[in-house]
Structure formats: C-alpha cells, structure tokens
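Asker: Pasting a structure below so you can have a look.
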Amino acid sequence: MTKTKLVFDPFSAEFFNGPYDLYRRMREEAPVYYSEQYDFYALTRHEDVAMCYKDFETFSSARGIDLATVRNGEIPAHKSIIVLDPPDHREMRSLVNKVFTPRAIAAMRPMIAEQIDRFLGAVDPAAFDVVEEFSALFPMEVISRMLGVPEEARRQVRLWNDELLHREIGQVEMSEAGFEAVVNLARFYYGLAKQRRADPQDDMISRLVLAQFGSPDADRTTLSTMEIAMFASLLGGAGAETVAKLVGSAAVTFARFPEQWQKLLDDRSKIPAAVEELLRYESPNQYNVRYALKESTFHGVTIPAGKPVFLVCGSANRDPAAFTDADTFDIDRDRKQAQNLAFGYGVHSCLGAALARMESAIALERMLDFMPRYEVDWAGCTRVTMQNVAGWGNVPVRVLP
Ligand code: HEM
C-alpha cells in the first residue's frame, strides 16, 4: 500500500482534530521534518525535543515562540520573559521567582478551591459544557485575582485573551482583532501597574512593582511598568488557556478510559499522578517554536541557521522510545521512565507548573464529587483552533444519576 505524503501543517483542521497519528509517522519517517509550505523544521522525537529545549545557544526564543513571530525575524522592542534568551532571561526569571514562590502559590489554594466550587456549583448537571461553563472560566479568574485585576474588568480581560490566541484554520499571522487585543491588554495592565506603584495592594502586580533585582551586575534595581504589563499579559495566555484545555481534555479522556476514572473514584491519592498523565497524554501546549541561531544536524539532516524550528513536545510525550505503550492513557504508569515535556524543559520550563498542577488537581477532585458518573455528548464536542495550544473548545456532558 502506498503511503500518503507526510504533511505536518500546524494550522490545518487535520492537526487541530488530533495530530497523534501524524506525529507517529513524523517520528518514524521524518524525525527532522521540513515544511515546504512554511519553510520550517520540526523535531518530534523525545530525545531531540528535550535536547533542543535545553540548547538555548542554538535554539533561541528571542524572536518569539510561534511561527508568525519567529519567521518575521524581528526582535520585539518590548519583551516578556518567555521571549528572552540568557543572560537577560536569567535575570528576569530570578526576579519573577521571588513572587512565584512555593509559599505564595500554596497560599492561593483556598481561593482556587473557592473559584472552582463557584463555577462548578453554577452548572446544570443535566446538561453543561465542561469547557465553556467551567474550565475556560476559573483559571482566568484565578490569575486575575492573583494579579489584582478588579472584578469589573475581569470579563473583558478574558475576552481579550481569547482573541489574541485565536486562529482560523489556515491562519498563521495574528488577526487585526488579535493585535488590538494585545494592545488593549498591555494598556490595561500598564495602567494597573502604574496605580499599584502609587498605591501598593496585597497582589502580585504590587509585589512585582516592589521586587528588586538581586544581582549586583544588574544595571537597574526594579522592573519597569512596561515589563510588568508584558509579564501580566503573558500570564493570561500562558496560565489560563493551558489549564482550561487540560481540564477539558480530562473530561474527554476519562470518558474514553472509564476504568481510569474508576481508579480515581476508588483512590483519590492518585489525583496528582492523573494530572501528570493528562499532561503527557494530551499536552495543552503541543509545541514551541525556536529560531536556529546556528546550523545543527540530526539524523543526517542539517537544519540551517535562520530557520524556525518546531519543538513538538506533544509528540515527544507520545514517543515509544521514551514511554512504554506511549499511546495508552495510564495514570499508574512509571513516571521515572522519561521527562514529561508538557511544561517545556530547560531555562524556560513553566514558571507556573506548581500552580497549574494545584488548579488541575483541585478541579479533578471536585469533578469526582460532582460527576462521578457522566456521559459526553460526542456530537457536541469541538476542538479549538489556536496558536501553540491544543484541546477542546466544547465538551457537553450529562451527569448520570
Ligand atoms: C497545564 C498548564 C500549563 C502548561 C501545559 C504550561 C506549559 C508551558 C510551557 C511548555 C512553557 C515553556 C515555553 C517555552 O519553552 O517556550 C511554559 C512557560 C511558562 N509558563 Fe506555563 N504552562 C501551564 C500553566 C501555567 C500557569 C498556570 C502559569 C502562571 C500563571 C504559567 C506561566 C508560565 C510562564 C510565565 C512561562 C515562561 C517561563 C520562562 O520563560 O522562563 N504557565 N509553560
């Protein structure tokens, strides 16, 4: 049987509808995939992806981490942490680490549980949408409260966030509405940071205003108002959409593997392991793009300098060379086999990982109480078409008596 041509198009319906068969072929047939259509390279094997995440001297984040910005090639004037290379990145990370401490995250547990209960408490168990009515809402509320966004602005902030990540099928560049949302968000957070500079409150923006660079080599002592605005804008996308997608995927994946849901119903101590397995099995962040600063060779194929390179962690996490029965969803699997790359790896590895794990674990715990038996209305499920982020936009369910 002749095989169809292998085409990896991260802006196609095929990709958004579930890329795992495609990834298998890429790992086997073209571990260094070249896209003629877009002129990028893509790495899909676990070993390669992990190595490149760590090698920031070859694979730079400074031109962005999505195809549109990387291929544009310009270094943006205002940069958030995720698009800085070391040493600038190191300085910024050590500063934001001061406000993202394990203690600060742990202190948010009651607020997170309260928000999760609030949103889940408002749905109709006879018919509700896990994403639209629950998982898309509470993570943004958590981040907004954590940053100190006033109540009346939170809905608007969430809509701007949705707009800037949204892509139509086939659309690589950000739309005009997306650009407007970026500007509106930055302007909003700039105003908020300015207010907090004048009148600090008990929130993260105020703590960022007050945080001091520790290194004596740093040529300034604190973050600028613009830097705080960029960081706060980043958290909406990096921290809300991802958790929203993970919890949406949980509803779908556990419905497909009901014996795994039963294991959780029988033993709640398995919830943290279930979160790790969901992250591996349906990574909300499927890839990050880098800019090749130097030439490099993998499996006999040379990636020239100056090209965008996709690090496809969503495929790496399904690589059978790294995980036994990689396509099987198993919350009891041996986690020590390989690094789970869902949170990235190396210098940019997710700053909010502890927060994300805590939010997802509490959400699962409450879902086990609220919907111990449920069925998914498969016909009503839809996928999102987004930049970097993959998952479900609608998951209608019915709680069974
Ligand atoms: C399931 C949820 C999440 C997933 C799957 C996820 C995934 C990732 C990944 C893959 C990266 C690395 C990007 C790269 O290497 O280019 C990253 C970085 C980052 N994430 Fe997350 N994330 C999640 C939740 C969060 C949350 C809740 C927050 C904060 C509220 C957050 C904040 C960040 C930040 C600030 C960075 C940039 C770190 C740096 O550049 O040093 N993330 N995340």
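Every chain in the structure tokens has a letter given in the order shown (A, B, ...), and although residue numbers restart at 1 in each chain, ligands are simply numbered from 1 in the order shown.
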Would you pick out the contacts of A:Asn72 at 12 Å or less, using only C-alpha atoms, so that residues sharing its chain but fewer than 2 positions from it are not included, and give the list as a list in words?

Answerer: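 Using only C-alpha atoms, the neighbours found are Ala62, Arg63, Gly64, Ile65, Asp66, Leu67, Ala68, Thr69, Val70, Glu74, Ile75, Pro76, Val172, Glu173, Tyr291, Gly306, Lys307 and Pro308 of chain A.
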
Asker: Grab the residues selected above and save them as a short mmCIF file (atom, residue, chain, number, x, y, z; two decimals), in the first residue's frame with C-alpha atoms.

Answerer:
```
data_model
loop_
_atom_site.label_atom_id
_atom_site.label_comp_id
_atom_site.auth_asym_id
_atom_site.auth_seq_id
_atom_site.Cartn_x
_atom_site.Cartn_y
_atom_site.Cartn_z
CA ALA A 62 14.33 35.89 21.35
CA ARG A 63 12.33 36.23 18.12
CA GLY A 64 9.21 34.70 19.68
CA ILE A 65 7.92 31.16 20.14
CA ASP A 66 5.25 30.93 17.44
CA LEU A 67 5.75 30.67 13.69
CA ALA A 68 4.45 34.12 12.78
CA THR A 69 6.84 36.00 15.06
CA VAL A 70 9.86 33.71 14.54
CA GLU A 74 12.49 40.84 14.29
CA ILE A 75 13.44 41.09 17.93
CA PRO A 76 10.46 42.81 19.60
CA VAL A 172 -0.66 31.86 10.69
CA GLU A 173 -0.50 35.57 11.44
CA TYR A 291 14.86 30.36 15.84
CA GLY A 306 17.97 31.31 10.43
CA LYS A 307 15.09 28.80 10.22
CA PRO A 308 12.11 28.37 12.55
#
```

Asker: Enumerate residues in contact with ligand 1: an atom-to-atom distance of at most 7 Å, counting only C-alpha atoms and all ligand atoms. Format the result as number ranges by chain.

Answerer: A: 53, 61, 65, 81-83, 89, 93, 143, 234-235, 238-240, 242-243, 246, 279, 283-285, 288, 342-345, 347-353, 355-357

Asker: Please, which residues in stretch 228-263 of chain A fall within 9 Å of stretch 195-211 of chain A when counting only C-alpha atoms, and what is the closest atom pair and distance in Å to one decimal for each, ordered by chain then residue number, as CSV?

Answerer:
```
residue,atom,partner,partner_atom,distance
A:Ile228,CA,A:Leu208,CA,6.8
A:Ala229,CA,A:Ile205,CA,8.8
A:Ala232,CA,A:Ile205,CA,7.7
```

Asker: Could you dump the residues just selected with C-alpha atoms as a short mmCIF file (atom, residue, chain, number, x, y, z; two decimals), in the first residue's frame?

Answerer:
```cif
data_model
loop_
_atom_site.label_atom_id
_atom_site.label_comp_id
_atom_site.auth_asym_id
_atom_site.auth_seq_id
_atom_site.Cartn_x
_atom_site.Cartn_y
_atom_site.Cartn_z
CA ILE A 228 5.21 44.31 34.47
CA ALA A 229 2.47 44.91 31.89
CA ALA A 232 0.90 40.17 33.36
#
```

Asker: List the neighbours of A:Asp124 out to 10 Å using only C-alpha atoms; skip same-chain residues closer than 4 positions along the sequence, and give me the result as a PyMOL selection string.

Answerer: chain A and resi 120+128-129+133+397-399

Asker: I'd like the neighbourhood of A:Leu364 as number ranges by chain, where a residue qualifies if any of its atoms comes within 9 Å (using only C-alpha atoms), though same-chain residues fewer than 5 positions away should be ignored.

Answerer: A: 247, 250, 271, 274-275, 359, 369
